[in-house]
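The file protein-v3.cif contains mmCIF, C-alpha atoms and all ligand atoms:
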data_work
#
loop_
_atom_site.label_atom_id
_atom_site.label_comp_id
_atom_site.auth_asym_id
_atom_site.auth_seq_id
_atom_site.Cartn_x
_atom_site.Cartn_y
_atom_site.Cartn_z
CA MET Y 891 0.00 0.00 0.00
CA ALA Y 892 2.89 2.37 0.75
CA GLN Y 893 4.37 1.54 -2.64
CA ALA Y 894 1.05 2.26 -4.34
CA LEU Y 895 0.75 5.61 -2.53
CA ALA Y 896 4.27 6.47 -3.70
CA GLU Y 897 3.32 5.56 -7.29
CA ALA Y 898 0.21 7.74 -6.95
CA GLY Y 899 2.26 10.79 -5.98
CA ALA Y 900 2.91 10.75 -2.21
CA GLU Y 901 5.79 13.12 -1.53
CA ALA Y 902 7.27 11.22 1.41
CA ILE Y 903 6.43 8.08 3.37
CA ALA Y 904 6.98 6.97 6.98
CA LEU Y 905 6.86 3.23 7.64
CA LEU Y 906 6.17 2.26 11.26
CA ASP Y 907 6.58 -1.25 12.63
CA ILE Y 908 8.00 -3.04 15.65
CA LYS Y 909 10.40 -5.07 13.46
CA GLN Y 910 13.51 -2.95 12.95
CA ASP Y 911 15.34 -4.99 10.26
CA LEU Y 912 12.28 -5.64 8.13
CA GLY Y 913 11.21 -1.98 8.38
CA GLU Y 914 14.60 -0.55 7.48
CA GLU Y 915 14.98 -2.88 4.54
CA ALA Y 916 11.47 -2.03 3.26
CA ALA Y 917 12.09 1.71 3.63
CA SER Y 918 15.37 1.60 1.79
CA ARG Y 919 13.89 -0.51 -1.04
CA LEU Y 920 10.86 1.73 -1.43
CA SER Y 921 12.93 4.90 -1.30
CA SER Y 922 15.20 3.70 -4.08
CA ASP Y 923 12.28 2.37 -6.21
CA ALA Y 924 10.05 5.43 -5.79
CA GLN Y 925 12.77 8.09 -5.58
CA ILE Y 926 11.08 9.86 -2.66
CA PRO Y 927 12.09 10.10 1.01
CA VAL Y 928 10.95 6.97 2.85
CA LYS Y 929 11.96 6.58 6.49
CA PHE Y 930 11.43 3.77 8.95
CA TYR Y 931 10.44 4.50 12.56
CA ARG Y 932 10.50 1.63 15.03
CA THR Y 933 7.33 1.86 17.09
CA ASP Y 934 5.23 -0.37 19.29
CA VAL Y 935 1.68 0.76 18.55
CA ARG Y 936 0.79 0.14 22.22
CA ASP Y 937 3.23 2.76 23.49
CA VAL Y 938 1.41 6.10 23.90
CA ASP Y 939 4.50 8.26 24.44
CA ALA Y 940 6.43 6.60 21.62
CA ASN Y 941 3.52 7.13 19.20
CA ASN Y 942 3.27 10.82 20.05
CA ALA Y 943 7.05 11.28 19.83
CA THR Y 944 7.15 9.40 16.49
CA VAL Y 945 4.44 11.61 15.00
CA GLU Y 946 6.40 14.73 16.06
CA GLN Y 947 9.58 13.28 14.59
CA ILE Y 948 7.86 12.43 11.29
CA VAL Y 949 6.39 15.92 11.00
CA SER Y 950 9.76 17.53 11.61
CA GLU Y 951 11.67 15.18 9.27
CA LEU Y 952 9.16 14.56 6.44
CA GLY Y 953 6.47 17.24 6.78
CA ALA Y 954 2.77 17.26 7.63
CA ILE Y 955 0.95 13.92 7.72
CA ASP Y 956 -2.03 13.76 5.32
CA ILE Y 957 -2.62 9.99 5.17
CA LEU Y 958 -2.44 7.28 7.82
CA ILE Y 959 -2.95 3.57 7.18
CA ASN Y 960 -3.32 1.45 10.34
CA SER Y 961 -2.17 -2.04 9.45
CA ALA Y 962 -0.26 -3.47 12.44
CA GLY Y 963 -1.91 -6.62 13.74
CA ILE Y 964 -1.47 -10.14 15.10
CA VAL Y 965 -3.80 -13.12 14.78
CA ASN Y 966 -3.29 -15.92 17.38
CA SER Y 967 -5.49 -18.54 15.70
CA ASN Y 968 -6.75 -22.00 16.61
CA ILE Y 969 -7.36 -21.27 20.29
CA LYS Y 970 -10.75 -22.27 21.68
CA ALA Y 971 -12.60 -19.58 23.64
CA GLU Y 972 -12.70 -21.81 26.73
CA ASP Y 973 -8.90 -22.18 26.61
CA TYR Y 974 -7.99 -18.61 25.62
CA ASP Y 975 -5.39 -17.24 28.00
CA PRO Y 976 -6.74 -13.89 29.33
CA ASP Y 977 -3.35 -12.21 29.04
CA MET Y 978 -3.08 -13.27 25.38
CA PHE Y 979 -6.61 -11.97 24.76
CA ARG Y 980 -5.71 -8.61 26.33
CA ARG Y 981 -2.45 -8.41 24.39
CA LEU Y 982 -4.19 -8.98 21.05
CA ILE Y 983 -6.83 -6.34 21.77
CA ASP Y 984 -4.05 -4.00 22.88
CA ILE Y 985 -2.21 -4.35 19.56
CA ASN Y 986 -5.07 -4.68 17.04
CA LEU Y 987 -7.58 -2.28 18.59
CA THR Y 988 -5.98 -0.01 21.19
CA GLY Y 989 -2.80 0.31 19.13
CA SER Y 990 -4.80 1.42 16.07
CA PHE Y 991 -6.65 3.90 18.30
CA LEU Y 992 -3.45 5.34 19.79
CA VAL Y 993 -1.69 5.85 16.46
CA SER Y 994 -4.86 7.38 14.95
CA GLN Y 995 -5.26 9.65 17.97
CA ALA Y 996 -1.64 10.87 17.67
CA CYS Y 997 -2.00 11.49 13.91
CA GLY Y 998 -5.54 12.86 14.26
CA ARG Y 999 -4.39 15.47 16.80
CA HIS Y 1000 -1.68 16.53 14.40
CA MET Y 1001 -4.13 16.69 11.45
CA ILE Y 1002 -6.63 18.75 13.47
CA LYS Y 1003 -3.91 21.20 14.53
CA ALA Y 1004 -2.47 21.46 11.02
CA GLN Y 1005 -5.96 22.22 9.57
CA ARG Y 1006 -5.15 20.39 6.31
CA GLY Y 1007 -7.77 17.65 6.66
CA GLY Y 1008 -6.56 14.12 6.01
CA SER Y 1009 -7.42 10.48 5.46
CA ILE Y 1010 -7.18 7.68 7.99
CA LEU Y 1011 -7.60 4.05 6.93
CA PHE Y 1012 -8.05 1.08 9.23
CA ILE Y 1013 -7.28 -2.43 8.06
CA SER Y 1014 -9.96 -4.58 9.66
CA SER Y 1015 -10.81 -8.00 8.18
CA ILE Y 1016 -13.70 -10.14 7.03
CA ALA Y 1017 -13.25 -11.47 10.59
CA GLY Y 1018 -14.86 -8.22 11.75
CA ALA Y 1019 -18.10 -9.16 9.99
CA ARG Y 1020 -18.08 -12.98 9.95
CA VAL Y 1021 -16.87 -15.55 12.47
CA LEU Y 1022 -14.10 -17.18 10.49
CA HIS Y 1023 -13.83 -20.95 10.59
CA PRO Y 1024 -12.65 -23.68 11.01
CA GLN Y 1025 -10.02 -21.86 13.10
CA GLN Y 1026 -11.17 -20.57 16.48
CA GLN Y 1027 -9.92 -17.00 17.09
CA CYS Y 1028 -12.42 -15.10 19.22
CA ALA Y 1029 -9.96 -12.33 20.18
CA TYR Y 1030 -8.99 -11.57 16.58
CA ASN Y 1031 -12.59 -11.56 15.32
CA THR Y 1032 -13.61 -9.27 18.19
CA SER Y 1033 -10.70 -6.88 17.64
CA LYS Y 1034 -11.52 -6.52 13.95
CA ALA Y 1035 -15.23 -5.86 14.55
CA ALA Y 1036 -14.28 -3.20 17.10
CA VAL Y 1037 -11.87 -1.56 14.67
CA VAL Y 1038 -14.79 -0.93 12.26
CA GLN Y 1039 -16.80 0.83 14.93
CA LEU Y 1040 -13.75 2.81 16.07
CA ALA Y 1041 -13.31 4.02 12.48
CA ASN Y 1042 -17.01 4.93 12.26
CA SER Y 1043 -16.78 6.88 15.52
CA MET Y 1044 -13.71 8.82 14.40
CA ALA Y 1045 -15.35 9.45 11.00
CA ALA Y 1046 -18.32 11.05 12.79
CA GLU Y 1047 -16.19 13.12 15.17
CA TRP Y 1048 -13.53 14.31 12.74
CA ALA Y 1049 -15.60 15.07 9.60
CA ARG Y 1050 -15.80 18.68 10.80
CA HIS Y 1051 -11.99 18.82 10.64
CA GLY Y 1052 -11.97 17.55 7.05
CA ILE Y 1053 -10.56 14.20 8.18
CA ARG Y 1054 -12.10 11.15 6.47
CA VAL Y 1055 -11.87 7.80 8.23
CA ASN Y 1056 -12.58 4.55 6.38
CA THR Y 1057 -11.98 0.83 6.76
CA ILE Y 1058 -10.79 -1.88 4.39
CA SER Y 1059 -11.86 -5.42 5.30
CA PRO Y 1060 -9.59 -7.81 3.44
CA GLY Y 1061 -10.38 -11.47 2.94
CA TYR Y 1062 -7.69 -14.13 3.27
CA MET Y 1063 -4.47 -12.63 1.93
CA ASP Y 1064 -1.23 -14.46 1.21
CA THR Y 1065 1.02 -12.80 3.83
CA GLN Y 1066 3.24 -13.75 6.79
CA LEU Y 1067 0.22 -13.45 9.08
CA ASN Y 1068 -1.05 -16.80 7.76
CA GLU Y 1069 2.26 -18.65 8.01
CA GLU Y 1070 1.37 -20.50 11.24
CA ALA Y 1071 1.57 -24.25 10.43
CA MET Y 1072 -2.02 -24.95 11.40
CA LEU Y 1073 -3.35 -22.07 9.27
CA GLN Y 1074 -1.43 -23.39 6.27
CA GLN Y 1075 -3.43 -26.63 6.55
CA GLN Y 1076 -6.71 -24.67 6.65
CA MET Y 1077 -6.03 -22.65 3.51
CA SER Y 1078 -7.72 -25.03 1.08
CA PHE Y 1079 -10.92 -24.75 3.11
CA TRP Y 1080 -10.73 -20.93 3.08
CA LYS Y 1081 -10.34 -20.98 -0.70
CA SER Y 1082 -13.42 -23.18 -1.00
CA MET Y 1083 -15.35 -20.57 1.04
CA THR Y 1084 -14.26 -17.76 -1.30
CA PRO Y 1085 -16.30 -17.37 -4.52
CA MET Y 1086 -13.14 -16.43 -6.43
CA GLY Y 1087 -11.51 -19.63 -5.12
CA ARG Y 1088 -8.17 -18.19 -4.07
CA MET Y 1089 -6.30 -16.09 -1.50
CA GLY Y 1090 -5.71 -12.41 -2.21
CA LYS Y 1091 -2.29 -11.07 -3.13
CA PRO Y 1092 -1.11 -8.24 -0.86
CA ASP Y 1093 -0.98 -5.76 -3.75
CA GLU Y 1094 -4.67 -6.36 -4.48
CA LEU Y 1095 -5.44 -3.92 -1.65
CA ASN Y 1096 -3.42 -1.18 -3.31
CA GLY Y 1097 -5.97 0.41 -5.64
CA LEU Y 1098 -8.57 0.58 -2.89
CA ALA Y 1099 -6.09 2.07 -0.40
CA VAL Y 1100 -5.07 4.74 -2.91
CA PHE Y 1101 -8.69 5.50 -3.82
CA LEU Y 1102 -9.84 5.85 -0.20
CA SER Y 1103 -6.79 7.98 0.67
CA SER Y 1104 -7.22 10.33 -2.30
CA ASP Y 1105 -9.48 13.22 -3.25
CA ALA Y 1106 -11.35 10.83 -5.58
CA ALA Y 1107 -13.01 9.62 -2.35
CA ARG Y 1108 -13.60 13.10 -0.94
CA PHE Y 1109 -17.28 12.31 -0.04
CA VAL Y 1110 -16.45 8.85 1.35
CA THR Y 1111 -16.12 8.55 5.11
CA GLY Y 1112 -17.21 5.92 7.61
CA SER Y 1113 -17.22 3.27 4.88
CA ASN Y 1114 -16.07 -0.30 5.32
CA VAL Y 1115 -15.08 -1.80 1.98
CA PHE Y 1116 -14.61 -5.57 1.56
CA CYS Y 1117 -11.72 -6.70 -0.63
CA ASP Y 1118 -12.11 -10.44 -0.24
CA GLY Y 1119 -12.82 -12.29 -3.50
CA GLY Y 1120 -16.47 -12.38 -2.44
CA TYR Y 1121 -15.98 -14.21 0.89
CA HIS Y 1122 -18.52 -12.05 2.73
CA VAL Y 1123 -21.43 -12.90 0.41
CA TYR Y 1124 -21.81 -16.39 1.93
N1 LIG Y 1201 -3.21 -11.71 5.86
C1 LIG Y 1201 -4.54 -11.80 5.92
O1 LIG Y 1201 -5.14 -12.81 5.52
C2 LIG Y 1201 -5.34 -10.65 6.48
C3 LIG Y 1201 -6.71 -10.65 6.25
C4 LIG Y 1201 -7.48 -9.61 6.77
C5 LIG Y 1201 -6.87 -8.60 7.49
N2 LIG Y 1201 -5.52 -8.64 7.71
C6 LIG Y 1201 -4.95 -7.55 8.50
O2 LIG Y 1201 -4.01 -6.86 7.73
C7 LIG Y 1201 -3.06 -6.23 8.58
C8 LIG Y 1201 -1.67 -6.52 8.08
O3 LIG Y 1201 -1.41 -7.90 8.24
P1 LIG Y 1201 -0.49 -8.73 7.24
O4 LIG Y 1201 -1.32 -9.80 6.68
O5 LIG Y 1201 0.27 -7.82 6.33
O6 LIG Y 1201 0.48 -9.45 8.30
P2 LIG Y 1201 1.99 -9.18 8.66
O7 LIG Y 1201 2.28 -10.06 9.83
O8 LIG Y 1201 2.83 -9.30 7.46
O9 LIG Y 1201 1.99 -7.63 9.11
C9 LIG Y 1201 1.61 -7.20 10.39
C10 LIG Y 1201 2.70 -6.26 10.89
O10 LIG Y 1201 2.30 -5.73 12.17
C11 LIG Y 1201 3.49 -5.56 12.92
N3 LIG Y 1201 3.20 -5.48 14.34
C12 LIG Y 1201 2.73 -6.46 15.16
N4 LIG Y 1201 2.64 -6.01 16.42
C13 LIG Y 1201 3.05 -4.72 16.40
C14 LIG Y 1201 3.17 -3.71 17.40
N5 LIG Y 1201 2.85 -3.96 18.69
N6 LIG Y 1201 3.60 -2.48 17.05
C15 LIG Y 1201 3.94 -2.23 15.76
N7 LIG Y 1201 3.86 -3.14 14.77
C16 LIG Y 1201 3.41 -4.37 15.09
C17 LIG Y 1201 4.30 -6.81 12.59
O11 LIG Y 1201 5.66 -6.65 12.93
C18 LIG Y 1201 4.05 -6.98 11.10
O12 LIG Y 1201 5.05 -6.36 10.31
C19 LIG Y 1201 -3.33 -6.79 9.99
O13 LIG Y 1201 -4.05 -5.83 10.74
C20 LIG Y 1201 -4.18 -8.00 9.72
O14 LIG Y 1201 -5.02 -8.32 10.80
C21 LIG Y 1201 -4.74 -9.63 7.21
#

Could you quickly redo this structure as structure tokens?
Amino acid sequence: MAQALAEAGAEAIALLDIKQDLGEEAASRLSSDAQIPVKFYRTDVRDVDANNATVEQIVSELGAIDILINSAGIVNSNIKAEDYDPDMFRRLIDINLTGSFLVSQACGRHMIKAQRGGSILFISSIAGARVLHPQQQCAYNTSKAAVVQLANSMAAEWARHGIRVNTISPGYMDTQLNEEAMLQQQMSFWKSMTPMGRMGKPDELNGLAVFLSSDAARFVTGSNVFCDGGYHVY
């Protein structure tokens, strides 16, 4: 999605992640491909002070923030609700939901102060609208449903500041998130539950992310768009 924004004319990009090596490598690759400044900032989305400090650092090093995409997330699948460790449940909600809130709050405050409007995108999941199966993952499904309502709430509150807030709900995508051994075995079932009969490729979210982040979507806020090969129709 960052690459697609660069291709669509973004002037600079900040990549935030907890994984230092992966982030630095991605930033340096994107910067050399797109020929724009791309910087990596190591952040744990759960850390309030670090998020605020990172936003200040980005603004001073790259300029005002006009677009935010909240994508950090973990899944923890194949755990029955009756066995779910409460600390693991809290940790997942902390990363997927509270983390998305904290980063959006830090960027939203900056956008409101800068009076330039902006676009915030949340990456939820079909898991926010359907209980995915056969894998049991009550915490993940719950976090992704809550993310949609968080986005709707921010859309309502921040429309008066010219800030649009939307959600993309991807179906099963072929990324590291699904590399757990057990999930690999469940993939053929997921494909059978998807009208298009396959997993999505990560770059199949790109056009939608660019559209929702751009002025072409200037009357679109509080929307949740599925990008899932039709999974949600069943
Ligand atoms: N892959 C799928 O099938 C799928 C489907 C629907 C939605 N999603 C959502 O898409 C988003 C991106 O997932 P992905 O598939 O690219 O997986 P991914 O594992 O490649 O990316 C998730 C990233 O989040 C980062 N992260 C985790 N905890 C963090 C923290 N505390 N602070 C900062 N960064 C942290 C990870 O280091 C990782 O780089 C997630 O929110 C995921 O729930 C994925």

| request: Using only C-alpha atoms and all ligand atoms, find each protein or nucleic acid residue lying at most 7 Å from ligand LIG 1201 (chain Y); present the set as a ChimeraX atom specification. | output: /Y:906-909,933-936,961-965,985-986,1013-1016,1059-1068

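Of note, atom CA of Ala940 of chain Y and atom CA of Ile1053 of chain Y are spaced 23.0 Å apart.
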
| Using all atoms listed in the file: which of Y:Gly1007, Y:Val928, Y:Ser950, Y:Glu914 has the shortest distance to Leu895 of chain Y |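 Closest to Leu895 of chain Y, using all atoms listed in the file: Y:Val928.
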
| message | Rounded to one decimal, what separation in Å do you get between atom CA of Val945 of chain Y and atom CA of Met978 of chain Y? | response | 28.0 Å

| task | Do a neighbour search on Tyr1121 of chain Y at 10 Å with all atoms listed in the file, toss out local chain neighbours closer than 4 positions, and write the hits as a list in words. | result |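 The filter keeps Ile1016, Arg1020, Pro1060, Gly1061, Tyr1062, Trp1080, Lys1081, Ser1082, Met1083, Thr1084, Pro1085, Met1086, Gly1087, Phe1116 and Cys1117 of chain Y.
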
| query | Could you list as a PyMOL selection string every residue that has an atom within 12 Å of (10.6, 13.4, 8.1), using the file's coordinates and counting all atoms listed in the file? | reply | chain Y and resi 901-905+926-931+944-955

Could you save those same residues with C-alpha atoms as a PDB file, in the coordinates of the input?
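Listing of again13.pdb after writing:
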ATOM      1  CA  GLU Y 901       5.790  13.120  -1.530  1.00  0.00           C
ATOM      2  CA  ALA Y 902       7.270  11.220   1.410  1.00  0.00           C
ATOM      3  CA  ILE Y 903       6.430   8.080   3.370  1.00  0.00           C
ATOM      4  CA  ALA Y 904       6.980   6.970   6.980  1.00  0.00           C
ATOM      5  CA  LEU Y 905       6.860   3.230   7.640  1.00  0.00           C
ATOM      6  CA  ILE Y 926      11.080   9.860  -2.660  1.00  0.00           C
ATOM      7  CA  PRO Y 927      12.090  10.100   1.010  1.00  0.00           C
ATOM      8  CA  VAL Y 928      10.950   6.970   2.850  1.00  0.00           C
ATOM      9  CA  LYS Y 929      11.960   6.580   6.490  1.00  0.00           C
ATOM     10  CA  PHE Y 930      11.430   3.770   8.950  1.00  0.00           C
ATOM     11  CA  TYR Y 931      10.440   4.500  12.560  1.00  0.00           C
ATOM     12  CA  THR Y 944       7.150   9.400  16.490  1.00  0.00           C
ATOM     13  CA  VAL Y 945       4.440  11.610  15.000  1.00  0.00           C
ATOM     14  CA  GLU Y 946       6.400  14.730  16.060  1.00  0.00           C
ATOM     15  CA  GLN Y 947       9.580  13.280  14.590  1.00  0.00           C
ATOM     16  CA  ILE Y 948       7.860  12.430  11.290  1.00  0.00           C
ATOM     17  CA  VAL Y 949       6.390  15.920  11.000  1.00  0.00           C
ATOM     18  CA  SER Y 950       9.760  17.530  11.610  1.00  0.00           C
ATOM     19  CA  GLU Y 951      11.670  15.180   9.270  1.00  0.00           C
ATOM     20  CA  LEU Y 952       9.160  14.560   6.440  1.00  0.00           C
ATOM     21  CA  GLY Y 953       6.470  17.240   6.780  1.00  0.00           C
ATOM     22  CA  ALA Y 954       2.770  17.260   7.630  1.00  0.00           C
ATOM     23  CA  ILE Y 955       0.950  13.920   7.720  1.00  0.00           C
TER      24      ILE Y 955
END

| task | Would you list the residues near (-2.6, 10.3, 4.4) (no more than 12 Å away, in the coordinates of the file, using only C-alpha atoms) as a PyMOL selection string? | result | chain Y and resi 891-892+895-896+898-904+953-960+994+997-998+1000-1001+1006-1012+1053-1056+1099-1105

| query | Quick one: residues within 12 Å of Val1021 of chain Y, all atoms listed in the file counted, chain neighbours fewer than 4 positions away excluded, as a PyMOL selection string? | reply | chain Y and resi 1015-1017+1025-1035+1121-1122+1124

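Shortest separation to Gly913 of chain Y among Y:Gln1074, Y:Arg932, Y:Gln1005, Y:Gln925 occurs at residue Y:Arg932, atoms counted being only C-alpha atoms.
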
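In this model, the gap between atom CA of Asn968 of chain Y and atom CA of Asp937 of chain Y comes to 27.6 Å.
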
| Minimum-distance residue to Ala996 of chain Y, chosen among Y:Met1044, Y:Ala916, Y:Ala943, Y:Ala1106 (using only C-alpha atoms) |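 Between Y:Met1044, Y:Ala916, Y:Ala943, Y:Ala1106, the residue approaching Ala996 of chain Y most closely is Y:Ala943.
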